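Q: File coords.txt follows (compact mmCIF, C-alpha atoms):
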```txt
# COMPACT_ATOMS: atom_id res chain seq x y z
CA MET A 1 -55.26 70.12 46.20
CA THR A 2 -51.62 70.06 45.13
CA ASP A 3 -50.64 70.83 41.53
CA ILE A 4 -47.89 68.60 40.13
CA LEU A 5 -46.44 69.61 36.75
CA ILE A 6 -44.72 66.83 34.80
CA MET A 7 -43.03 68.01 31.61
CA VAL A 8 -42.59 65.16 29.14
CA GLU A 9 -40.63 64.69 25.94
CA GLY A 10 -42.74 63.46 23.05
CA GLY A 11 -45.48 65.97 22.30
CA SER A 12 -46.02 67.97 19.12
CA PHE A 13 -47.28 71.52 18.83
CA GLU A 14 -48.39 70.69 15.28
CA GLN A 15 -50.52 67.74 16.46
CA PRO A 16 -52.46 68.93 19.52
CA LYS A 17 -55.12 66.20 19.34
CA LYS A 18 -52.54 63.41 19.27
CA THR A 19 -50.50 65.13 21.97
CA ARG A 20 -53.63 65.13 24.11
CA LEU A 21 -53.78 61.34 23.71
CA LEU A 22 -50.26 61.01 25.10
CA ARG A 23 -51.01 63.44 27.92
CA ASN A 24 -54.13 61.54 28.96
CA ALA A 25 -52.37 58.16 28.71
CA ILE A 26 -49.50 59.21 31.01
CA ARG A 27 -51.89 60.82 33.46
CA LYS A 28 -54.08 57.69 33.50
CA LEU A 29 -51.02 55.49 34.04
CA LEU A 30 -49.74 57.54 36.98
CA ALA A 31 -53.23 57.79 38.47
CA GLN A 32 -53.12 54.03 39.14
CA LYS A 33 -50.79 54.87 42.01
CA ILE A 34 -51.39 58.58 42.68
CA SER A 35 -54.67 59.75 44.17
CA THR A 36 -56.10 62.43 41.87
CA GLN A 37 -58.44 63.47 44.67
CA ASP A 38 -55.52 65.12 46.45
CA ILE A 39 -53.27 65.79 43.46
CA ASN A 40 -53.89 67.66 40.23
CA LEU A 41 -51.53 65.90 37.81
CA ILE A 42 -50.64 68.32 35.02
CA VAL A 43 -48.90 66.31 32.32
CA ASP A 44 -47.37 68.55 29.67
CA PRO A 45 -45.87 66.72 26.66
CA ARG A 46 -43.63 69.02 24.62
CA SER A 47 -41.82 68.69 21.34
CA GLY A 48 -38.17 67.68 21.34
CA ASP A 49 -35.87 66.70 24.19
CA ARG A 50 -33.76 69.87 24.15
CA LYS A 51 -36.83 72.09 23.92
CA VAL A 52 -38.59 70.48 26.87
CA ALA A 53 -35.34 70.56 28.88
CA LYS A 54 -34.94 74.27 28.13
CA ASP A 55 -38.53 74.96 29.18
CA PHE A 56 -38.03 72.90 32.34
CA LYS A 57 -35.15 75.10 33.46
CA ILE A 58 -37.47 78.13 33.67
CA ALA A 59 -40.47 76.22 35.02
CA PRO A 60 -41.61 76.39 38.68
CA GLU A 61 -39.27 74.73 41.15
CA ASN A 62 -41.74 71.92 41.82
CA ALA A 63 -41.90 70.95 38.12
CA LEU A 64 -40.67 67.47 37.16
CA LEU A 65 -39.07 66.40 33.88
CA LEU A 66 -39.51 63.02 32.15
CA VAL A 67 -37.38 62.37 29.04
CA ASP A 68 -35.88 59.50 27.08
CA MET A 69 -32.33 58.52 27.96
CA ASP A 70 -31.67 57.50 24.32
CA GLY A 71 -29.19 54.93 25.59
CA THR A 72 -28.30 52.96 28.69
CA ALA A 73 -28.16 54.39 32.21
CA THR A 74 -24.37 54.69 31.79
CA LYS A 75 -25.02 57.55 29.35
CA LEU A 76 -26.48 59.78 32.07
CA GLU A 77 -23.61 62.27 32.24
CA ASN A 78 -23.49 62.70 28.45
CA ARG A 79 -27.27 62.96 28.28
CA LEU A 80 -27.38 65.71 30.90
CA LYS A 81 -24.64 67.58 29.05
CA TYR A 82 -26.58 67.28 25.77
CA LEU A 83 -29.75 68.57 27.46
CA ASN A 84 -27.75 71.32 29.19
CA ILE A 85 -29.00 70.31 32.63
CA GLU A 86 -26.78 70.61 35.69
CA GLN A 87 -26.29 67.44 37.75
CA GLU A 88 -27.59 69.11 40.93
CA HIS A 89 -30.91 69.82 39.21
CA THR A 90 -31.59 66.17 38.51
CA GLU A 91 -32.13 64.79 42.01
CA ASN A 92 -35.83 64.21 42.60
CA ARG A 93 -36.73 66.40 39.61
CA VAL A 94 -35.41 64.78 36.41
CA PHE A 95 -36.36 61.24 35.44
CA PHE A 96 -35.39 59.15 32.45
CA MET A 97 -37.17 56.54 30.37
CA ILE A 98 -34.36 54.07 29.70
CA GLN A 99 -33.60 53.57 26.93
CA LYS A 100 -36.82 55.14 25.59
CA MET A 101 -40.47 55.19 26.59
CA GLU A 102 -41.13 52.12 24.46
CA ALA A 103 -38.97 50.07 26.85
CA TRP A 104 -41.79 50.47 29.36
CA ILE A 105 -44.09 48.71 26.90
CA LEU A 106 -41.57 45.97 26.14
CA SER A 107 -41.40 45.22 29.86
CA GLN A 108 -45.02 44.02 29.76
CA PRO A 109 -45.35 42.23 26.38
CA ASP A 110 -48.64 40.62 27.40
CA ILE A 111 -50.40 43.93 26.71
CA LEU A 112 -49.61 43.77 22.99
CA GLN A 113 -52.43 41.33 22.24
CA GLU A 114 -54.75 43.30 24.52
CA TYR A 115 -53.93 46.43 22.52
CA VAL A 116 -54.47 44.79 19.13
CA LYS A 117 -57.74 43.23 20.25
CA LYS A 118 -58.93 46.63 21.45
CA GLU A 119 -57.81 48.63 18.40
CA TYR A 120 -58.67 46.22 15.56
CA LEU A 121 -62.08 44.68 15.00
CA THR A 122 -60.48 41.83 13.10
CA TYR A 123 -56.92 40.66 13.54
CA LYS A 124 -54.82 37.51 13.31
CA ARG A 125 -52.34 36.33 15.89
CA ARG A 126 -49.29 34.91 14.15
CA ARG A 127 -46.97 32.30 15.65
CA GLU A 128 -49.64 31.30 18.15
CA GLU A 129 -47.45 28.54 19.52
CA LYS A 130 -44.90 31.05 20.80
CA ALA A 131 -45.28 33.48 23.71
CA ILE A 132 -44.17 36.99 22.77
CA GLU A 133 -42.06 37.21 25.92
CA ASP A 134 -40.00 34.29 24.59
CA ASP A 135 -39.07 36.15 21.42
CA ASP A 136 -35.32 36.63 20.96
CA ILE A 137 -35.80 40.41 21.23
CA LEU A 138 -37.05 40.05 24.81
CA LYS A 139 -35.98 36.71 26.23
CA ASN A 140 -33.58 36.89 29.18
CA LYS A 141 -33.11 40.65 28.70
CA HIS A 142 -33.89 43.54 30.98
CA PRO A 143 -35.96 46.02 28.93
CA GLN A 144 -33.48 48.79 29.77
CA ASP A 145 -30.81 46.85 27.89
CA ILE A 146 -32.79 46.65 24.63
CA GLU A 147 -31.44 49.11 22.08
CA GLU A 148 -33.88 51.14 19.99
CA PRO A 149 -36.95 49.79 21.80
CA ASP A 150 -39.28 51.74 19.51
CA LYS A 151 -37.99 49.83 16.50
CA LYS A 152 -38.07 46.55 18.41
CA LEU A 153 -41.69 47.19 19.40
CA HIS A 154 -42.54 47.80 15.74
CA ILE A 155 -40.91 44.49 14.79
CA LEU A 156 -42.78 42.57 17.49
CA LEU A 157 -46.19 43.96 16.54
CA GLY A 158 -45.63 43.04 12.90
CA ARG A 159 -44.12 39.67 13.73
CA TYR A 160 -47.08 38.52 15.85
CA PHE A 161 -50.13 40.38 14.54
CA LEU A 162 -51.86 41.03 11.22
CA GLU A 163 -54.70 43.44 10.50
CA LYS A 164 -57.86 42.23 8.77
CA ASP A 165 -56.37 42.95 5.33
CA LYS A 166 -53.33 40.86 6.27
CA LYS A 167 -51.05 43.85 6.71
CA LYS A 168 -48.63 43.73 9.62
CA VAL A 169 -49.69 45.75 12.65
CA LYS A 170 -47.39 48.76 12.97
CA TYR A 171 -46.00 50.90 15.74
CA GLU A 172 -46.53 54.45 14.53
CA SER A 173 -45.40 56.85 17.26
CA LYS A 174 -45.58 57.79 20.92
CA LEU A 175 -48.54 60.01 20.12
CA THR A 176 -50.73 57.24 18.72
CA THR A 177 -49.76 53.60 19.23
CA GLY A 178 -47.55 54.47 22.16
CA ALA A 179 -50.28 56.38 23.97
CA ALA A 180 -52.78 53.53 23.51
CA LEU A 181 -50.28 51.00 24.85
CA LEU A 182 -49.29 53.15 27.84
CA GLU A 183 -52.86 53.09 29.10
CA LEU A 184 -52.67 49.29 29.39
CA LEU A 185 -49.52 49.16 31.51
CA ASP A 186 -49.48 48.25 35.19
CA ILE A 187 -47.75 51.08 37.07
CA GLN A 188 -46.76 48.86 40.02
CA LYS A 189 -44.99 46.38 37.73
CA LEU A 190 -43.42 49.31 35.93
CA SER A 191 -42.03 50.82 39.13
CA ASN A 192 -40.64 47.40 40.11
CA THR A 193 -38.82 47.18 36.78
CA PHE A 194 -37.62 50.75 36.27
CA THR A 195 -35.91 52.65 39.08
CA ASP A 196 -36.77 56.05 37.62
CA VAL A 197 -40.47 55.22 37.53
CA LYS A 198 -40.32 54.39 41.23
CA LYS A 199 -38.40 57.60 41.91
CA LEU A 200 -40.92 59.65 39.92
CA LEU A 201 -43.81 58.29 41.98
CA GLU A 202 -41.89 58.96 45.19
CA ALA A 203 -41.12 62.53 44.08
CA ILE A 204 -44.82 63.19 43.44
CA GLU A 205 -45.74 61.88 46.88
CA THR A 206 -42.97 63.93 48.50
CA SER A 207 -44.19 67.11 46.79
CA VAL A 208 -47.65 66.53 48.22
CA GLN A 209 -46.29 65.93 51.73
CA ASP A 210 -44.17 69.09 51.54
CA GLU A 211 -47.21 71.08 50.41
CA LYS A 212 -49.15 69.92 53.47
CA LYS A 213 -46.47 70.99 55.95
```
Just give me the structure as structure tokens.

A:
Amino acid sequence: MTDILIMVEGGSFEQPKKTRLLRNAIRKLLAQKISTQDINLIVDPRSGDRKVAKDFKIAPENALLLVDMDGTATKLENRLKYLNIEQEHTENRVFFMIQKMEAWILSQPDILQEYVKKEYLTYKRRREEKAIEDDDILKNKHPQDIEEPDKKLHILLGRYFLEKDKKKVKYESKLTTGAALLELLDIQKLSNTFTDVKKLLEAIETSVQDEKK
């Protein structure tokens, strides 16, 4: 069995239980496409983008890094400079969530109701006459072009769903709401939408093939 280490921005050393939720969600998402019978996926969420990038530089050569871009794909050079990562280290090893992880969720807005139904015993769907995908935040936009997708996700949840006490449903963080939503995503659709997701899956497969040689 081949070990694949994926170091991810978004964990918290102060919140190990919640970090475990994010770890399990990412692993479950990738396992839709990657056979865990042949591959031991070790997902390691760590706190802070610079910290995880620093740790990545001293990690084994087969380690992979998954971090937020915090902007559009055109910001790659500046982002690498900020993370202190050399360009030659990025090919097949460093992958970005553009603009942030929450853009993945915005790319499949149909899962929002599935999430709310699963997490809340009683909820109310607001604006029932309108499909969430037709909201101005999403309509005719590629999810990678949506600025501050975490904030936009928070707006959408509150705009379309109420809890039983009539409070707006909130997006809390990657470690809680984000992790629960990640588990509901379709990895094939995700790889069709985001180039770096496709490249990440290909890099995992390549690592396994190289191990077998």

Q: For a quick check of understanding, using all atoms listed in the file, which of A:Leu184, A:Asp136, A:Leu64, A:Met101 has the smallest distance to Gln113 of chain A?

A: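 Smallest separation from Gln113 of chain A among the options: A:Leu184.
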
Q: Between atom CA of Ala31 of chain A and atom CA of His154 of chain A, what is the spacing in Å?

A: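 We find that atom CA of His154 of chain A and atom CA of Ala31 of chain A lie 27.0 Å from each other.
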
Q: Any idea what the distance is between atom CA of Val67 of chain A and atom CA of Asn140 of chain A?

A: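 Those two atoms sit 25.8 Å apart.
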
Q: Calculated over all atoms listed in the file, which of the candidates A:Leu22, A:Gly10, A:Asp68, A:Asp135 has the smallest distance to Leu156 of chain A?

A: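 Ranked by minimum distance to Leu156 of chain A, first place goes to A:Asp135.
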
Q: List the spatial neighbours of segment 165-177 of chain A as a ChimeraX atom specification - criterion: any atom at most 7 Å away, only C-alpha atoms, same-chain residues fewer than 4 positions off excluded.

A: /A:10,18-19,21-22,153-154,157-158,161,181

Q: Include C-alpha atoms and write out the residues we just selected as a PDB file, keeping the file's coordinate frame.

A:
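Once written, result.pdb looks like this:
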```
ATOM      1  CA  GLY A  10     -42.740  63.460  23.050  1.00  0.00           C
ATOM      2  CA  LYS A  18     -52.540  63.410  19.270  1.00  0.00           C
ATOM      3  CA  THR A  19     -50.500  65.130  21.970  1.00  0.00           C
ATOM      4  CA  LEU A  21     -53.780  61.340  23.710  1.00  0.00           C
ATOM      5  CA  LEU A  22     -50.260  61.010  25.100  1.00  0.00           C
ATOM      6  CA  LEU A 153     -41.690  47.190  19.400  1.00  0.00           C
ATOM      7  CA  HIS A 154     -42.540  47.800  15.740  1.00  0.00           C
ATOM      8  CA  LEU A 157     -46.190  43.960  16.540  1.00  0.00           C
ATOM      9  CA  GLY A 158     -45.630  43.040  12.900  1.00  0.00           C
ATOM     10  CA  PHE A 161     -50.130  40.380  14.540  1.00  0.00           C
ATOM     11  CA  LEU A 181     -50.280  51.000  24.850  1.00  0.00           C
TER      12      LEU A 181
END
```

Q: So that I can check the surroundings of Arg127 of chain A, please list as a ChimeraX atom specification every protein, DNA and RNA residue that reaches within 10 Å of it, counting all atoms listed in the file and ignoring chain neighbours fewer than 3 positions away.

A: /A:124,130-132,159-161

Q: Quote the spacing between atom CA of Asp3 of chain A and atom CA of Leu30 of chain A in Å to one decimal place.

A: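 Separating atom CA of Asp3 of chain A from atom CA of Leu30 of chain A is a distance of 14.1 Å.
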
Q: Enumerate, as a list in words, the protein, DNA and RNA residues whose atoms approach (-29.5, 53.8, 27.5) to within 8 Å, taking into account all atoms listed in the file and the coordinate frame of the file.

A: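 Residues lying no farther than 8 Å from the given point: Met69, Asp70, Gly71, Thr72, Ala73, Thr74, Lys75, Ile98, Gln99, Lys100, Gln144, Asp145 and Glu147 of chain A.
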
Q: Using all atoms listed in the file, which of the listed residues (A:Ile85, A:Ile58, A:Ala180, A:Ala203) sits closest to Asn24 of chain A?

A: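 So, comparing all the options, the nearest one is A:Ala180.
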
Q: Dump as a list in words all residues having an atom at most 8 Å from (-40.4, 69.8, 21.8), computed in the file's coordinates with only C-alpha atoms.

A: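 Residues with an atom at most 8 Å from (-40.4, 69.8, 21.8): Glu9, Gly10, Gly11, Ser12, Phe13, Pro45, Arg46, Ser47, Gly48, Asp49, Arg50, Lys51 and Val52 of chain A.
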
Q: Can you write segment 45-128 of chain A from the block above with C-alpha atoms, as a JSON list (two decimals), in the first residue's frame?

A:
```json
[["chain", "number", "residue", "atom", "x", "y", "z"],
["A", 45, "PRO", "CA", -4.72, 19.89, 7.98],
["A", 46, "ARG", "CA", -2.42, 22.45, 9.60],
["A", 47, "SER", "CA", -2.91, 25.92, 10.97],
["A", 48, "GLY", "CA", -2.10, 28.89, 8.76],
["A", 49, "ASP", "CA", -0.99, 29.06, 5.14],
["A", 50, "ARG", "CA", 2.60, 30.12, 5.84],
["A", 51, "LYS", "CA", 2.99, 27.52, 8.58],
["A", 52, "VAL", "CA", 1.78, 24.64, 6.42],
["A", 53, "ALA", "CA", 3.94, 25.87, 3.52],
["A", 54, "LYS", "CA", 6.99, 25.97, 5.80],
["A", 55, "ASP", "CA", 6.27, 22.44, 7.06],
["A", 56, "PHE", "CA", 5.77, 21.24, 3.48],
["A", 57, "LYS", "CA", 9.26, 22.35, 2.49],
["A", 58, "ILE", "CA", 10.81, 19.91, 4.98],
["A", 59, "ALA", "CA", 8.27, 17.12, 4.40],
["A", 60, "PRO", "CA", 9.05, 13.95, 2.38],
["A", 61, "GLU", "CA", 9.49, 14.51, -1.35],
["A", 62, "ASN", "CA", 6.24, 12.72, -2.15],
["A", 63, "ALA", "CA", 4.19, 15.06, 0.09],
["A", 64, "LEU", "CA", 1.55, 17.23, -1.59],
["A", 65, "LEU", "CA", 0.35, 20.67, -0.52],
["A", 66, "LEU", "CA", -3.22, 22.02, -0.82],
["A", 67, "VAL", "CA", -3.77, 25.69, 0.10],
["A", 68, "ASP", "CA", -6.10, 28.57, -0.67],
["A", 69, "MET", "CA", -5.05, 30.91, -3.44],
["A", 70, "ASP", "CA", -6.74, 33.86, -1.66],
["A", 71, "GLY", "CA", -7.37, 35.43, -5.05],
["A", 72, "THR", "CA", -7.65, 34.55, -8.71],
["A", 73, "ALA", "CA", -5.28, 32.22, -10.57],
["A", 74, "THR", "CA", -3.45, 35.32, -11.86],
["A", 75, "LYS", "CA", -2.12, 35.82, -8.32],
["A", 76, "LEU", "CA", -0.06, 32.60, -8.45],
["A", 77, "GLU", "CA", 3.36, 34.25, -8.60],
["A", 78, "ASN", "CA", 2.59, 36.61, -5.70],
["A", 79, "ARG", "CA", 1.05, 33.78, -3.70],
["A", 80, "LEU", "CA", 4.12, 31.58, -4.11],
["A", 81, "LYS", "CA", 6.34, 34.47, -3.08],
["A", 82, "TYR", "CA", 4.19, 35.08, 0.02],
["A", 83, "LEU", "CA", 4.36, 31.38, 0.94],
["A", 84, "ASN", "CA", 8.11, 31.34, 0.20],
["A", 85, "ILE", "CA", 7.77, 28.43, -2.23],
["A", 86, "GLU", "CA", 9.98, 28.18, -5.30],
["A", 87, "GLN", "CA", 8.20, 27.85, -8.65],
["A", 88, "GLU", "CA", 10.00, 24.59, -9.48],
["A", 89, "HIS", "CA", 8.56, 22.99, -6.34],
["A", 90, "THR", "CA", 4.98, 23.56, -7.42],
["A", 91, "GLU", "CA", 4.68, 21.23, -10.40],
["A", 92, "ASN", "CA", 2.71, 18.14, -9.43],
["A", 93, "ARG", "CA", 3.19, 18.91, -5.72],
["A", 94, "VAL", "CA", 1.44, 22.20, -4.87],
["A", 95, "PHE", "CA", -2.25, 22.71, -5.57],
["A", 96, "PHE", "CA", -4.50, 25.68, -4.94],
["A", 97, "MET", "CA", -8.13, 26.09, -3.98],
["A", 98, "ILE", "CA", -9.14, 29.09, -6.07],
["A", 99, "GLN", "CA", -10.08, 31.48, -4.69],
["A", 100, "LYS", "CA", -10.64, 29.56, -1.43],
["A", 101, "MET", "CA", -11.93, 26.14, -0.43],
["A", 102, "GLU", "CA", -15.46, 27.52, -0.20],
["A", 103, "ALA", "CA", -15.45, 28.06, -3.98],
["A", 104, "TRP", "CA", -15.61, 24.28, -4.27],
["A", 105, "ILE", "CA", -18.88, 24.36, -2.35],
["A", 106, "LEU", "CA", -20.28, 27.25, -4.38],
["A", 107, "SER", "CA", -19.66, 25.22, -7.53],
["A", 108, "GLN", "CA", -22.33, 22.73, -6.41],
["A", 109, "PRO", "CA", -25.03, 24.89, -4.76],
["A", 110, "ASP", "CA", -27.54, 22.04, -4.82],
["A", 111, "ILE", "CA", -25.78, 20.52, -1.80],
["A", 112, "LEU", "CA", -26.73, 23.46, 0.45],
["A", 113, "GLN", "CA", -30.27, 22.21, 1.02],
["A", 114, "GLU", "CA", -28.96, 18.67, 1.46],
["A", 115, "TYR", "CA", -26.60, 19.97, 4.15],
["A", 116, "VAL", "CA", -29.28, 21.95, 5.99],
["A", 117, "LYS", "CA", -31.71, 19.04, 5.88],
["A", 118, "LYS", "CA", -29.03, 16.78, 7.33],
["A", 119, "GLU", "CA", -27.81, 19.15, 10.05],
["A", 120, "TYR", "CA", -31.10, 20.69, 11.24],
["A", 121, "LEU", "CA", -34.10, 18.71, 12.41],
["A", 122, "THR", "CA", -36.35, 21.63, 11.57],
["A", 123, "TYR", "CA", -35.59, 24.29, 9.00],
["A", 124, "LYS", "CA", -37.34, 26.61, 6.57],
["A", 125, "ARG", "CA", -36.40, 27.12, 2.95],
["A", 126, "ARG", "CA", -36.75, 30.78, 2.06],
["A", 127, "ARG", "CA", -37.41, 32.10, -1.44],
["A", 128, "GLU", "CA", -38.68, 28.69, -2.53]]
```
